[in-house]
>>> print(open('query-v1.txt').read())   # compact mmCIF, C-alpha atoms and all ligand atoms
# COMPACT_ATOMS: atom_id res chain seq x y z
CA MET H 1 71.68 -161.52 -181.31
CA ILE H 2 73.62 -158.55 -179.99
CA LYS H 3 71.71 -155.69 -178.49
CA LEU H 4 73.12 -152.21 -177.86
CA THR H 5 70.90 -149.96 -175.73
CA TYR H 6 71.33 -146.24 -175.08
CA LEU H 7 70.62 -145.32 -171.45
CA GLY H 8 71.40 -141.64 -171.87
CA HIS H 9 74.50 -139.42 -171.85
CA ALA H 10 77.47 -141.78 -172.47
CA CYS H 11 75.80 -144.86 -170.99
CA PHE H 12 75.10 -147.93 -173.11
CA THR H 13 74.52 -151.58 -172.40
CA LEU H 14 75.78 -154.27 -174.74
CA GLU H 15 74.31 -157.75 -174.42
CA ASP H 16 73.66 -161.09 -176.05
CA GLU H 17 72.00 -164.23 -174.69
CA LYS H 18 74.89 -164.93 -172.32
CA HIS H 19 76.62 -161.69 -171.44
CA LYS H 20 75.82 -158.11 -170.56
CA ILE H 21 78.10 -155.14 -169.92
CA ILE H 22 77.55 -151.42 -169.34
CA PHE H 23 79.55 -148.33 -170.30
CA ASP H 24 79.76 -145.16 -168.16
CA PRO H 25 76.64 -145.73 -166.02
CA PHE H 26 75.51 -142.20 -165.14
CA LEU H 27 71.91 -142.87 -164.05
CA SER H 28 71.36 -141.32 -160.58
CA GLY H 29 71.42 -137.57 -161.00
CA ASN H 30 70.99 -137.72 -164.77
CA PRO H 31 67.82 -135.72 -165.48
CA LEU H 32 67.24 -137.66 -168.71
CA ALA H 33 67.96 -141.21 -167.49
CA LYS H 34 64.97 -143.53 -167.32
CA ASN H 35 66.74 -146.50 -165.72
CA LYS H 36 67.58 -146.95 -162.05
CA PRO H 37 70.99 -148.32 -161.07
CA GLU H 38 69.23 -150.98 -158.91
CA ASP H 39 67.67 -152.46 -162.05
CA ILE H 40 70.96 -152.87 -163.91
CA LYS H 41 72.17 -156.49 -164.15
CA VAL H 42 75.61 -156.74 -165.73
CA GLU H 43 78.86 -158.64 -165.38
CA ALA H 44 81.19 -155.74 -166.17
CA VAL H 45 81.18 -151.96 -165.93
CA LEU H 46 83.50 -150.12 -168.31
CA VAL H 47 84.37 -146.63 -167.05
CA SER H 48 86.18 -144.21 -169.34
CA HIS H 49 87.19 -141.60 -166.73
CA GLY H 50 86.53 -140.31 -163.25
CA HIS H 51 84.10 -137.47 -163.97
CA GLY H 52 80.75 -137.85 -162.22
CA ASP H 53 78.79 -138.13 -165.46
CA HIS H 54 80.80 -141.28 -166.37
CA LEU H 55 81.87 -142.95 -163.11
CA GLY H 56 78.28 -142.29 -162.05
CA ASP H 57 76.77 -145.39 -160.41
CA ALA H 58 79.65 -147.68 -161.42
CA ILE H 59 80.69 -148.55 -157.87
CA SER H 60 77.18 -149.37 -156.61
CA ILE H 61 76.36 -151.38 -159.76
CA SER H 62 79.65 -153.25 -159.41
CA LYS H 63 78.90 -154.09 -155.77
CA SER H 64 75.29 -155.17 -156.27
CA ASN H 65 76.14 -157.38 -159.27
CA ASN H 66 79.58 -158.49 -158.16
CA ALA H 67 80.57 -157.03 -161.54
CA LEU H 68 84.07 -156.13 -162.59
CA ILE H 69 84.92 -152.47 -163.12
CA ILE H 70 87.20 -152.21 -166.15
CA ALA H 71 88.98 -148.86 -166.20
CA PRO H 72 92.37 -147.16 -166.55
CA PHE H 73 94.67 -148.16 -163.68
CA GLU H 74 94.37 -145.08 -161.47
CA LEU H 75 90.60 -144.98 -161.75
CA ALA H 76 90.38 -148.75 -161.15
CA MET H 77 92.44 -148.32 -157.97
CA TYR H 78 90.10 -145.55 -156.84
CA CYS H 79 87.13 -147.89 -157.35
CA GLN H 80 88.91 -150.74 -155.56
CA LYS H 81 89.45 -148.51 -152.54
CA LYS H 82 85.69 -147.93 -152.54
CA GLY H 83 85.13 -151.71 -152.40
CA ALA H 84 84.57 -152.61 -156.05
CA ASN H 85 86.04 -155.58 -157.92
CA VAL H 86 88.28 -154.15 -160.58
CA HIS H 87 90.34 -155.04 -163.60
CA PRO H 88 92.83 -152.24 -164.21
CA MET H 89 94.08 -151.67 -167.76
CA HIS H 90 95.81 -148.89 -169.63
CA ILE H 91 95.87 -147.22 -173.01
CA GLY H 92 97.02 -149.51 -175.82
CA GLY H 93 96.41 -152.64 -173.78
CA SER H 94 93.80 -155.26 -174.52
CA TYR H 95 92.49 -158.21 -172.53
CA ASN H 96 90.16 -161.12 -173.18
CA PHE H 97 87.25 -161.22 -170.76
CA ASP H 98 84.48 -163.86 -170.70
CA PHE H 99 82.24 -161.50 -172.64
CA GLY H 100 84.84 -160.45 -175.21
CA ARG H 101 87.99 -158.48 -175.82
CA VAL H 102 88.52 -154.93 -174.57
CA LYS H 103 91.20 -152.52 -175.80
CA LEU H 104 91.78 -149.11 -174.25
CA THR H 105 92.26 -146.21 -176.64
CA ILE H 106 93.39 -142.64 -176.09
CA ALA H 107 90.96 -139.86 -175.29
CA HIS H 108 91.84 -136.19 -175.06
CA HIS H 109 90.10 -135.05 -171.93
CA GLY H 110 90.64 -135.00 -168.13
CA SER H 111 90.03 -137.57 -165.45
CA ALA H 112 89.44 -136.82 -161.78
CA VAL H 113 86.78 -137.51 -159.20
CA VAL H 114 85.56 -134.12 -158.08
CA ASP H 115 83.74 -134.03 -154.74
CA GLU H 116 84.84 -132.07 -151.64
CA GLN H 117 88.31 -132.57 -153.02
CA ILE H 118 89.72 -133.39 -156.44
CA THR H 119 91.13 -136.91 -156.76
CA TYR H 120 93.26 -137.45 -159.85
CA THR H 121 92.31 -140.66 -161.66
CA GLY H 122 94.93 -140.85 -164.42
CA ASN H 123 94.29 -140.60 -168.13
CA PRO H 124 90.81 -140.87 -169.59
CA CYS H 125 90.24 -143.53 -172.25
CA GLY H 126 87.99 -144.89 -174.92
CA PHE H 127 87.20 -148.56 -175.52
CA VAL H 128 87.17 -150.87 -178.50
CA VAL H 129 85.13 -153.88 -177.45
CA ASN H 130 84.86 -157.04 -179.49
CA PHE H 131 81.58 -158.52 -178.34
CA GLY H 132 79.89 -161.40 -180.12
CA GLY H 133 82.09 -160.84 -183.15
CA LYS H 134 81.19 -157.14 -183.47
CA ASN H 135 83.56 -154.25 -182.84
CA VAL H 136 82.07 -151.43 -180.81
CA TYR H 137 84.06 -148.23 -180.23
CA HIS H 138 83.05 -146.05 -177.28
CA SER H 139 85.27 -142.98 -177.51
CA GLY H 140 84.71 -141.73 -173.96
CA ASP H 141 84.79 -137.95 -173.63
CA THR H 142 87.26 -136.61 -176.14
CA GLY H 143 88.11 -133.95 -178.62
CA LEU H 144 88.79 -134.95 -182.20
CA PHE H 145 92.19 -136.57 -182.80
CA SER H 146 93.75 -137.81 -186.01
CA ASP H 147 94.71 -141.20 -184.51
CA MET H 148 91.04 -142.04 -184.89
CA LYS H 149 92.19 -142.98 -188.41
CA LEU H 150 94.41 -145.63 -186.86
CA ILE H 151 91.59 -146.91 -184.65
CA GLY H 152 89.49 -147.25 -187.80
CA GLN H 153 92.30 -148.97 -189.69
CA LEU H 154 93.15 -151.46 -186.95
CA ASN H 155 89.56 -152.35 -186.13
CA LYS H 156 86.73 -152.84 -188.59
CA LEU H 157 84.21 -150.90 -186.56
CA ASP H 158 80.61 -152.02 -186.62
CA VAL H 159 79.49 -149.21 -184.32
CA ALA H 160 81.07 -145.98 -183.10
CA LEU H 161 79.65 -144.16 -180.09
CA ILE H 162 80.97 -140.61 -180.17
CA PRO H 163 80.13 -137.36 -178.38
CA ILE H 164 78.53 -134.44 -180.21
CA GLY H 165 77.59 -132.14 -177.31
CA ASP H 166 80.45 -129.65 -177.72
CA ASN H 167 81.86 -127.58 -174.82
CA PHE H 168 83.40 -130.56 -172.95
CA THR H 169 83.95 -132.79 -176.02
CA MET H 170 83.75 -132.74 -179.78
CA GLY H 171 80.84 -130.87 -181.26
CA VAL H 172 78.97 -131.91 -184.39
CA GLU H 173 81.47 -130.59 -186.94
CA ASP H 174 84.40 -132.43 -185.39
CA ALA H 175 82.27 -135.53 -184.84
CA VAL H 176 81.55 -135.62 -188.58
CA LYS H 177 85.33 -135.59 -189.16
CA ALA H 178 85.71 -138.36 -186.55
CA VAL H 179 83.27 -140.54 -188.51
CA GLU H 180 85.37 -139.96 -191.64
CA PHE H 181 88.43 -141.19 -189.73
CA LEU H 182 86.77 -144.13 -187.97
CA LYS H 183 84.66 -145.41 -190.89
CA PRO H 184 82.17 -147.32 -188.74
CA LYS H 185 79.17 -149.09 -190.25
CA LEU H 186 76.94 -147.28 -187.80
CA VAL H 187 77.49 -144.21 -185.66
CA ILE H 188 75.49 -143.25 -182.59
CA PRO H 189 75.91 -139.76 -181.15
CA MET H 190 76.15 -139.39 -177.37
CA HIS H 191 76.95 -136.85 -174.66
CA PHE H 192 74.43 -134.18 -175.64
CA ASP H 193 71.26 -132.58 -174.19
CA THR H 194 71.85 -133.89 -170.65
CA PHE H 195 72.81 -130.40 -169.49
CA GLU H 196 71.96 -126.99 -170.95
CA VAL H 197 75.58 -126.39 -171.98
CA ILE H 198 75.62 -129.48 -174.25
CA LYS H 199 72.23 -129.03 -175.94
CA GLN H 200 72.46 -130.26 -179.50
CA ASP H 201 70.19 -131.24 -182.33
CA PRO H 202 71.23 -134.80 -183.25
CA LYS H 203 69.27 -134.47 -186.52
CA VAL H 204 72.04 -132.26 -187.89
CA PHE H 205 74.40 -135.18 -187.35
CA PRO H 206 74.31 -137.53 -190.33
CA ARG H 207 74.14 -141.21 -189.40
CA ASN H 208 75.50 -143.83 -191.75
NI NI H 301 84.30 -135.91 -168.75
MN MN H 302 81.33 -136.16 -169.67
>>> encode(input="query-v1.txt", output="structure tokens")
Amino acid sequence: MIKLTYLGHACFTLEDEKHKIIFDPFLSGNPLAKNKPEDIKVEAVLVSHGHGDHLGDAISISKSNNALIIAPFELAMYCQKKGANVHPMHIGGSYNFDFGRVKLTIAHHGSAVVDEQITYTGNPCGFVVNFGGKNVYHSGDTGLFSDMKLIGQLNKLDVALIPIGDNFTMGVEDAVKAVEFLKPKLVIPMHFDTFEVIKQDPKVFPRN
């Protein structure tokens, strides 16, 4: 049995009896997150880009679990310098991990770690993960792009996790178009309500 759990914002866990991974673990500092990073037990942390609401607790979760951070090369190198175990990848590439296959997809967005300074962390990405025979697409933060058609054609998607919050990513109207392109069996909206500027009513977003 495969279980996909929403932990708020763009954070999900994906697990079966043997394996568990997490996407974009933004828990500390997320006003809506109910889980603490200390309670997360995973073998891999997939990070779509360097923004704080995605990199989040990735490095501490990686260290406490001895879990692999899977991210675009520049971001992976950033995490490695902070002491994490990493597996760098890049857009278009896939790799077979113990838990399943991961392919990096394009995302139209930015990627930098912004603290006292701004550290560039390469291109942002999305992920297509084949886990327990199911294809899960996590788009990362992105605007709508027509190559989503190609992602839908090349991968029979069981689930698509796509943003609807607007302002920083697609809003609802574009997300509806994205679903048309991706043709997933199930779509789960993400990246809304966490902050005032991305408040959204997910009920206006039709699920299929
Ligand atoms: Ni972002
Ligand atoms: Mn974001």
>>> closest_atom_pairs(input="query-v1.txt", of="chain H", to="ligand NI 301 (chain H)", cutoff="9 Å", atoms="all atoms listed in the file", output="tab-separated table")
residue	atom	partner	partner_atom	distance
H:Ser48	CA	H:NI301	NI	8.5
H:His49	CA	H:NI301	NI	6.7
H:Gly50	CA	H:NI301	NI	7.4
H:His51	CA	H:NI301	NI	5.0
H:Gly52	CA	H:NI301	NI	7.7
H:Asp53	CA	H:NI301	NI	6.8
H:His54	CA	H:NI301	NI	6.8
H:His109	CA	H:NI301	NI	6.7
H:Gly110	CA	H:NI301	NI	6.4
H:Ser111	CA	H:NI301	NI	6.8
H:Ala112	CA	H:NI301	NI	8.7
H:Pro124	CA	H:NI301	NI	8.2
H:Gly140	CA	H:NI301	NI	7.8
H:Asp141	CA	H:NI301	NI	5.3
H:Thr142	CA	H:NI301	NI	8.0
H:Phe168	CA	H:NI301	NI	6.9
H:Thr169	CA	H:NI301	NI	7.9
>>> atom_distance(input="query-v1.txt", atom1="CA of Ile91 in chain H", atom2="CA of Thr194 in chain H")
27.6 Å
>>> closest_residue(input="query-v1.txt", among="H:Thr13, H:Ser60, H:Asn30, H:Asn65", to="ligand MN 302 (chain H)", atoms="only C-alpha atoms and all ligand atoms")
H:Asn30
>>> closest_residue(input="query-v1.txt", among="H:Ile198, H:Thr105, H:Phe99, H:Phe131", to="Asp158 in chain H", atoms="all atoms listed in the file")
H:Phe131
>>> residues_around(input="query-v1.txt", residues="range 76-78 of chain H", least_positions_apart="6", cutoff="10 Å", atoms="all atoms listed in the file", output="list of chain:residue names")
H:Val47, H:His49, H:Gly50, H:Ile59, H:Leu68, H:Ile69, H:Ile70, H:Ala84, H:Asn85, H:Val86, H:His87, H:Pro88, H:Met89, H:Val113, H:Thr119, H:Tyr120, H:Thr121, H:Gly122
>>> axis_aligned_box(input="query-v1.txt", around="range 181-194 of chain H", padding_each_side="4 Å", output="AutoDock Vina command-line options")
--center_x 79.8 --center_y -140.8 --center_z -180.8 --size_x 25.2 --size_y 24.5 --size_z 28.2
>>> residues_near_point(input="query-v1.txt", point="(79.3, -148.5, -164.8)", cutoff="10 Å", atoms="only C-alpha atoms", output="MDAnalysis selection string")
chainID H and resid 11:13 21:27 37 40 42 44:48 54:62 67:71
>>> write_last_selection(input="query-v1.txt", atoms="C-alpha atoms", output="PDB file, in the frame of the given file")
ATOM      1  CA  CYS H  11      75.800-144.860-170.990  1.00  0.00           C
ATOM      2  CA  PHE H  12      75.100-147.930-173.110  1.00  0.00           C
ATOM      3  CA  THR H  13      74.520-151.580-172.400  1.00  0.00           C
ATOM      4  CA  ILE H  21      78.100-155.140-169.920  1.00  0.00           C
ATOM      5  CA  ILE H  22      77.550-151.420-169.340  1.00  0.00           C
ATOM      6  CA  PHE H  23      79.550-148.330-170.300  1.00  0.00           C
ATOM      7  CA  ASP H  24      79.760-145.160-168.160  1.00  0.00           C
ATOM      8  CA  PRO H  25      76.640-145.730-166.020  1.00  0.00           C
ATOM      9  CA  PHE H  26      75.510-142.200-165.140  1.00  0.00           C
ATOM     10  CA  LEU H  27      71.910-142.870-164.050  1.00  0.00           C
ATOM     11  CA  PRO H  37      70.990-148.320-161.070  1.00  0.00           C
ATOM     12  CA  ILE H  40      70.960-152.870-163.910  1.00  0.00           C
ATOM     13  CA  VAL H  42      75.610-156.740-165.730  1.00  0.00           C
ATOM     14  CA  ALA H  44      81.190-155.740-166.170  1.00  0.00           C
ATOM     15  CA  VAL H  45      81.180-151.960-165.930  1.00  0.00           C
ATOM     16  CA  LEU H  46      83.500-150.120-168.310  1.00  0.00           C
ATOM     17  CA  VAL H  47      84.370-146.630-167.050  1.00  0.00           C
ATOM     18  CA  SER H  48      86.180-144.210-169.340  1.00  0.00           C
ATOM     19  CA  HIS H  54      80.800-141.280-166.370  1.00  0.00           C
ATOM     20  CA  LEU H  55      81.870-142.950-163.110  1.00  0.00           C
ATOM     21  CA  GLY H  56      78.280-142.290-162.050  1.00  0.00           C
ATOM     22  CA  ASP H  57      76.770-145.390-160.410  1.00  0.00           C
ATOM     23  CA  ALA H  58      79.650-147.680-161.420  1.00  0.00           C
ATOM     24  CA  ILE H  59      80.690-148.550-157.870  1.00  0.00           C
ATOM     25  CA  SER H  60      77.180-149.370-156.610  1.00  0.00           C
ATOM     26  CA  ILE H  61      76.360-151.380-159.760  1.00  0.00           C
ATOM     27  CA  SER H  62      79.650-153.250-159.410  1.00  0.00           C
ATOM     28  CA  ALA H  67      80.570-157.030-161.540  1.00  0.00           C
ATOM     29  CA  LEU H  68      84.070-156.130-162.590  1.00  0.00           C
ATOM     30  CA  ILE H  69      84.920-152.470-163.120  1.00  0.00           C
ATOM     31  CA  ILE H  70      87.200-152.210-166.150  1.00  0.00           C
ATOM     32  CA  ALA H  71      88.980-148.860-166.200  1.00  0.00           C
TER      33      ALA H  71
END
>>> atom_distance(input="query-v1.txt", atom1="CA of Met148 in chain H", atom2="CA of Lys185 in chain H")
14.8 Å
>>> residues_around(input="query-v1.txt", residues="Met1 in chain H", least_positions_apart="4", cutoff="9 Å", atoms="all atoms listed in the file", output="PDB file with C-alpha atoms, keeping the file's coordinate frame")
ATOM      1  CA  GLU H  15      74.310-157.750-174.420  1.00  0.00           C
ATOM      2  CA  ASP H  16      73.660-161.090-176.050  1.00  0.00           C
ATOM      3  CA  GLU H  17      72.000-164.230-174.690  1.00  0.00           C
ATOM      4  CA  GLY H 132      79.890-161.400-180.120  1.00  0.00           C
TER       5      GLY H 132
END
>>> atom_distance(input="query-v1.txt", atom1="CA of His9 in chain H", atom2="CA of Phe192 in chain H")
6.5 Å
>>> decode(input="query-v1.txt", residues="range 154-167 of chain H", atoms="all heavy atoms", output="JSON list (two decimals), in the first residue's frame")
[["chain", "number", "residue", "atom", "x", "y", "z"],
["H", 154, "LEU", "N", 4.74, 11.26, -21.55],
["H", 154, "LEU", "CA", 5.85, 10.33, -21.28],
["H", 154, "LEU", "C", 5.64, 9.51, -20.01],
["H", 154, "LEU", "O", 6.26, 8.47, -19.83],
["H", 154, "LEU", "CB", 7.18, 11.10, -21.17],
["H", 154, "LEU", "CG", 7.63, 11.82, -22.45],
["H", 154, "LEU", "CD1", 8.90, 12.63, -22.17],
["H", 154, "LEU", "CD2", 7.88, 10.85, -23.58],
["H", 155, "ASN", "N", 4.79, 10.01, -19.13],
["H", 155, "ASN", "CA", 4.57, 9.32, -17.86],
["H", 155, "ASN", "C", 3.07, 9.23, -17.62],
["H", 155, "ASN", "O", 2.40, 10.26, -17.58],
["H", 155, "ASN", "CB", 5.16, 10.12, -16.69],
["H", 155, "ASN", "CG", 6.62, 10.50, -16.94],
["H", 155, "ASN", "OD1", 7.52, 9.72, -16.68],
["H", 155, "ASN", "ND2", 6.84, 11.70, -17.44],
["H", 156, "LYS", "N", 2.56, 8.03, -17.46],
["H", 156, "LYS", "CA", 1.15, 7.91, -17.06],
["H", 156, "LYS", "C", 1.09, 8.32, -15.59],
["H", 156, "LYS", "O", 1.54, 7.57, -14.72],
["H", 156, "LYS", "CB", 0.68, 6.46, -17.22],
["H", 156, "LYS", "CG", -0.03, 6.21, -18.53],
["H", 156, "LYS", "CD", -0.54, 4.79, -18.61],
["H", 156, "LYS", "CE", -1.95, 4.64, -18.09],
["H", 156, "LYS", "NZ", -2.98, 5.29, -18.89],
["H", 157, "LEU", "N", 0.57, 9.52, -15.36],
["H", 157, "LEU", "CA", 0.64, 10.05, -14.00],
["H", 157, "LEU", "C", -0.54, 9.57, -13.15],
["H", 157, "LEU", "O", -1.69, 9.73, -13.54],
["H", 157, "LEU", "CB", 0.67, 11.57, -14.01],
["H", 157, "LEU", "CG", 1.88, 12.23, -14.70],
["H", 157, "LEU", "CD1", 1.73, 13.74, -14.72],
["H", 157, "LEU", "CD2", 3.18, 11.81, -14.04],
["H", 158, "ASP", "N", -0.21, 8.97, -12.02],
["H", 158, "ASP", "CA", -1.26, 8.59, -11.08],
["H", 158, "ASP", "C", -1.68, 9.80, -10.24],
["H", 158, "ASP", "O", -2.85, 9.98, -9.95],
["H", 158, "ASP", "CB", -0.76, 7.45, -10.19],
["H", 158, "ASP", "CG", -0.54, 6.20, -11.02],
["H", 158, "ASP", "OD1", -1.54, 5.57, -11.39],
["H", 158, "ASP", "OD2", 0.62, 5.88, -11.34],
["H", 159, "VAL", "N", -0.69, 10.60, -9.86],
["H", 159, "VAL", "CA", -0.97, 11.78, -9.04],
["H", 159, "VAL", "C", -0.14, 12.95, -9.53],
["H", 159, "VAL", "O", 1.04, 12.78, -9.85],
["H", 159, "VAL", "CB", -0.60, 11.54, -7.55],
["H", 159, "VAL", "CG1", -1.10, 12.70, -6.69],
["H", 159, "VAL", "CG2", -1.16, 10.24, -7.03],
["H", 160, "ALA", "N", -0.75, 14.13, -9.57],
["H", 160, "ALA", "CA", 0.00, 15.36, -9.83],
["H", 160, "ALA", "C", -0.19, 16.31, -8.65],
["H", 160, "ALA", "O", -1.32, 16.54, -8.22],
["H", 160, "ALA", "CB", -0.46, 16.01, -11.12],
["H", 161, "LEU", "N", 0.93, 16.81, -8.14],
["H", 161, "LEU", "CA", 0.92, 17.77, -7.04],
["H", 161, "LEU", "C", 1.32, 19.11, -7.65],
["H", 161, "LEU", "O", 2.46, 19.26, -8.10],
["H", 161, "LEU", "CB", 1.92, 17.35, -5.96],
["H", 161, "LEU", "CG", 1.91, 15.86, -5.58],
["H", 161, "LEU", "CD1", 3.09, 15.50, -4.68],
["H", 161, "LEU", "CD2", 0.58, 15.52, -4.91],
["H", 162, "ILE", "N", 0.37, 20.03, -7.74],
["H", 162, "ILE", "CA", 0.67, 21.29, -8.43],
["H", 162, "ILE", "C", 0.20, 22.50, -7.62],
["H", 162, "ILE", "O", -0.80, 22.44, -6.90],
["H", 162, "ILE", "CB", 0.05, 21.32, -9.85],
["H", 162, "ILE", "CG1", -1.45, 21.08, -9.81],
["H", 162, "ILE", "CG2", 0.72, 20.31, -10.77],
["H", 162, "ILE", "CD1", -2.13, 21.30, -11.15],
["H", 163, "PRO", "N", 0.95, 23.60, -7.75],
["H", 163, "PRO", "CA", 0.61, 24.79, -6.96],
["H", 163, "PRO", "C", -0.63, 25.51, -7.51],
["H", 163, "PRO", "O", -0.87, 25.50, -8.72],
["H", 163, "PRO", "CB", 1.85, 25.68, -7.12],
["H", 163, "PRO", "CG", 2.49, 25.25, -8.39],
["H", 163, "PRO", "CD", 2.16, 23.80, -8.58],
["H", 164, "ILE", "N", -1.37, 26.13, -6.61],
["H", 164, "ILE", "CA", -2.53, 26.94, -7.03],
["H", 164, "ILE", "C", -2.53, 28.32, -6.38],
["H", 164, "ILE", "O", -3.45, 29.10, -6.55],
["H", 164, "ILE", "CB", -3.87, 26.23, -6.71],
["H", 164, "ILE", "CG1", -4.05, 26.04, -5.20],
["H", 164, "ILE", "CG2", -4.01, 24.91, -7.46],
["H", 164, "ILE", "CD1", -5.50, 25.74, -4.79],
["H", 165, "GLY", "N", -1.49, 28.63, -5.59],
["H", 165, "GLY", "CA", -1.54, 29.82, -4.73],
["H", 165, "GLY", "C", -1.43, 31.16, -5.43],
["H", 165, "GLY", "O", -1.71, 32.19, -4.85],
["H", 166, "ASP", "N", -1.00, 31.14, -6.71],
["H", 166, "ASP", "CA", -0.82, 32.39, -7.46],
["H", 166, "ASP", "C", 0.34, 33.21, -6.87],
["H", 166, "ASP", "O", 1.02, 32.75, -5.96],
["H", 166, "ASP", "CB", -2.12, 33.20, -7.47],
["H", 166, "ASP", "CG", -2.40, 33.83, -8.83],
["H", 166, "ASP", "OD1", -1.44, 34.05, -9.60],
["H", 166, "ASP", "OD2", -3.58, 34.09, -9.13],
["H", 167, "ASN", "N", 0.56, 34.37, -7.40],
["H", 167, "ASN", "CA", 1.63, 35.30, -7.00],
["H", 167, "ASN", "C", 3.04, 34.76, -7.29],
["H", 167, "ASN", "O", 3.75, 35.31, -8.09],
["H", 167, "ASN", "CB", 1.52, 35.72, -5.54],
["H", 167, "ASN", "CG", 2.42, 36.91, -5.23],
["H", 167, "ASN", "OD1", 2.12, 38.04, -5.62],
["H", 167, "ASN", "ND2", 3.56, 36.67, -4.60]]
